[in-house]
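**Q** First the structure, then my questions, so here it is.
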Amino acid sequence: MSVALSNRFQGGKAFGLLKAQQERRLAEINREFLCDQKYGDEENLPEKLTAFKEKYMEFDLNNEGEIDLMSLKRMMEKLGVPKTHLEMKKMISEVTGGGSDTISYRDFVNMMLGKRSAVLKLVMMFEGKASDSGPKPAGPPPERDIASLP
């Protein structure tokens, strides 16, 4: 399908259409979660699903609906928590149950809404809290002498 898009559209127009298609697919999956009885008692479910969708779309680099190893690497680096190749493979395996090398949106939402505390879930939760921690000091750092160093 993306081949047909690239023949008719180029650059930003094609990218916008791919993002719109991806957003429709993820919105459909969100509707499935909203209708699922298992998540009926989840507080603020529509808002959570919207936030999950936005975060997932931000890190789905190839717009195929899956977060692969390189997308996860970029996500971890952007969140300020770089991980090794093996750690990321373990994280993907933990989220998918070992069945895949990529994280689908369903796996991602199940992880975020689930009771298990996956490493990726913890990083994603604390990323929001860390960004609200207040402004960083501007200007050069204060001068320190050798005695004040740890």
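Naming works like this for the structure tokens: A, B, ... for the chains as they're shown, residue 1 at the start of each chain, ligands 1 onward in shown order.
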For region 43-47 of chain A, list every protein, DNA or RNA residue within 8 Å, evaluated using only C-alpha atoms, and leave out those in the same chain fewer than 4 positions away; present the list as an MDAnalysis selection string.

**A** chainID A and resid 34 39 51

**Q** Produce a file of the selected residues containing all heavy atoms, as a PDB file, in the first residue's frame.

**A**
ATOM      1  N   LEU A  34     -11.747  -0.066  24.414  1.00  0.00           N
ATOM      2  CA  LEU A  34     -12.852   0.601  25.107  1.00  0.00           C
ATOM      3  C   LEU A  34     -14.057  -0.324  25.252  1.00  0.00           C
ATOM      4  O   LEU A  34     -14.789  -0.238  26.242  1.00  0.00           O
ATOM      5  CB  LEU A  34     -13.254   1.883  24.366  1.00  0.00           C
ATOM      6  CG  LEU A  34     -12.281   3.049  24.502  1.00  0.00           C
ATOM      7  CD1 LEU A  34     -12.650   4.168  23.523  1.00  0.00           C
ATOM      8  CD2 LEU A  34     -12.251   3.573  25.927  1.00  0.00           C
ATOM      9  N   TYR A  39     -11.315  -4.202  30.643  1.00  0.00           N
ATOM     10  CA  TYR A  39     -10.800  -2.883  31.001  1.00  0.00           C
ATOM     11  C   TYR A  39     -11.910  -1.908  31.377  1.00  0.00           C
ATOM     12  O   TYR A  39     -11.671  -0.701  31.472  1.00  0.00           O
ATOM     13  CB  TYR A  39      -9.974  -2.312  29.841  1.00  0.00           C
ATOM     14  CG  TYR A  39      -8.809  -3.186  29.480  1.00  0.00           C
ATOM     15  CD1 TYR A  39      -8.829  -3.958  28.319  1.00  0.00           C
ATOM     16  CD2 TYR A  39      -7.703  -3.277  30.307  1.00  0.00           C
ATOM     17  CE1 TYR A  39      -7.762  -4.783  27.998  1.00  0.00           C
ATOM     18  CE2 TYR A  39      -6.637  -4.100  29.995  1.00  0.00           C
ATOM     19  CZ  TYR A  39      -6.675  -4.845  28.838  1.00  0.00           C
ATOM     20  OH  TYR A  39      -5.624  -5.665  28.525  1.00  0.00           O
ATOM     21  N   ALA A  51      -3.329   9.046  25.023  1.00  0.00           N
ATOM     22  CA  ALA A  51      -1.925   9.325  25.342  1.00  0.00           C
ATOM     23  C   ALA A  51      -1.023   8.192  24.846  1.00  0.00           C
ATOM     24  O   ALA A  51       0.059   8.451  24.292  1.00  0.00           O
ATOM     25  CB  ALA A  51      -1.755   9.508  26.846  1.00  0.00           C
TER      26      ALA A  51
END

**Q** To one decimal in Å, tell me the separation between CA of Met112 (chain A) and CA of Gly16 (chain A).

**A**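 Value for the CA of Met112 (chain A)-CA of Gly16 (chain A) distance: 27.0 Å.
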
**Q** For the structure I just gave you, how does DSSP split region 58-128 of chain A - specifically, which residues are strand (DSSP E)? Reply as a PDB file with N, CA and C atoms, in the first residue's frame.

**A**
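And here is the file that came out, selection_15.pdb:
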ATOM      1  N   GLU A  66       4.473  -1.093  14.240  1.00  0.00           N
ATOM      2  CA  GLU A  66       5.262  -1.889  15.163  1.00  0.00           C
ATOM      3  C   GLU A  66       6.506  -1.113  15.571  1.00  0.00           C
ATOM      4  N   ILE A  67       6.903  -1.277  16.816  1.00  0.00           N
ATOM      5  CA  ILE A  67       8.151  -0.675  17.287  1.00  0.00           C
ATOM      6  C   ILE A  67       9.209  -1.764  17.256  1.00  0.00           C
ATOM      7  N   ILE A 103       7.261  -4.712  18.855  1.00  0.00           N
ATOM      8  CA  ILE A 103       6.158  -4.465  19.784  1.00  0.00           C
ATOM      9  C   ILE A 103       4.993  -3.882  18.998  1.00  0.00           C
ATOM     10  N   SER A 104       3.892  -4.627  18.942  1.00  0.00           N
ATOM     11  CA  SER A 104       2.698  -4.127  18.271  1.00  0.00           C
ATOM     12  C   SER A 104       1.969  -3.169  19.213  1.00  0.00           C
TER      13      SER A 104
END

**Q** Name all residues at most 12 Å from Tyr56 (chain A) (count only C-alpha atoms; drop same-chain ones fewer than 3 positions away) and give them as a PyMOL selection string.

**A** chain A and resi 19+22-23+26-27+49-53+59-68+71-72+75+103-109+112+124

**Q** Pick the closest to Lys78 (chain A) from A:Asp145, A:Glu58, A:Glu28, A:Glu94: which is it, counting only C-alpha atoms?

**A**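 Under the stated criterion, the closest residue is A:Glu58.
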
**Q** Kindly indicate which residue among A:Met57, A:Ile92, A:Val81, A:Cys35 lies nearest to Ala20 (chain A), using only C-alpha atoms for the distances.

**A**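 Answer, going by the shortest atom-to-atom distance: A:Met57.
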
**Q** Find the spatial neighbours of Leu69 (chain A), counting only C-alpha atoms, within a cut-off of 8 Å - ignore same-chain residues fewer than 6 positions away - and output them as a PyMOL selection string.

**A** chain A and resi 88-89+92+101-102

**Q** Mind dumping the selected residues with C-alpha atoms as an mmCIF file, in the first residue's frame?

**A**
data_model
loop_
_atom_site.group_PDB
_atom_site.id
_atom_site.type_symbol
_atom_site.label_atom_id
_atom_site.label_comp_id
_atom_site.auth_asym_id
_atom_site.auth_seq_id
_atom_site.Cartn_x
_atom_site.Cartn_y
_atom_site.Cartn_z
ATOM 1 C CA MET A 88 16.349 -3.894 24.538
ATOM 2 C CA LYS A 89 15.868 -7.408 23.158
ATOM 3 C CA ILE A 92 10.787 -6.538 23.675
ATOM 4 C CA ASP A 101 10.927 -9.139 17.597
ATOM 5 C CA THR A 102 8.688 -6.061 17.438
#

**Q** Could you jot down the CA of Val95 (chain A) to CA of Leu17 (chain A) separation for me, Å, one decimal place?

**A**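 Taking CA of Val95 (chain A) and CA of Leu17 (chain A), their separation equals 28.9 Å.
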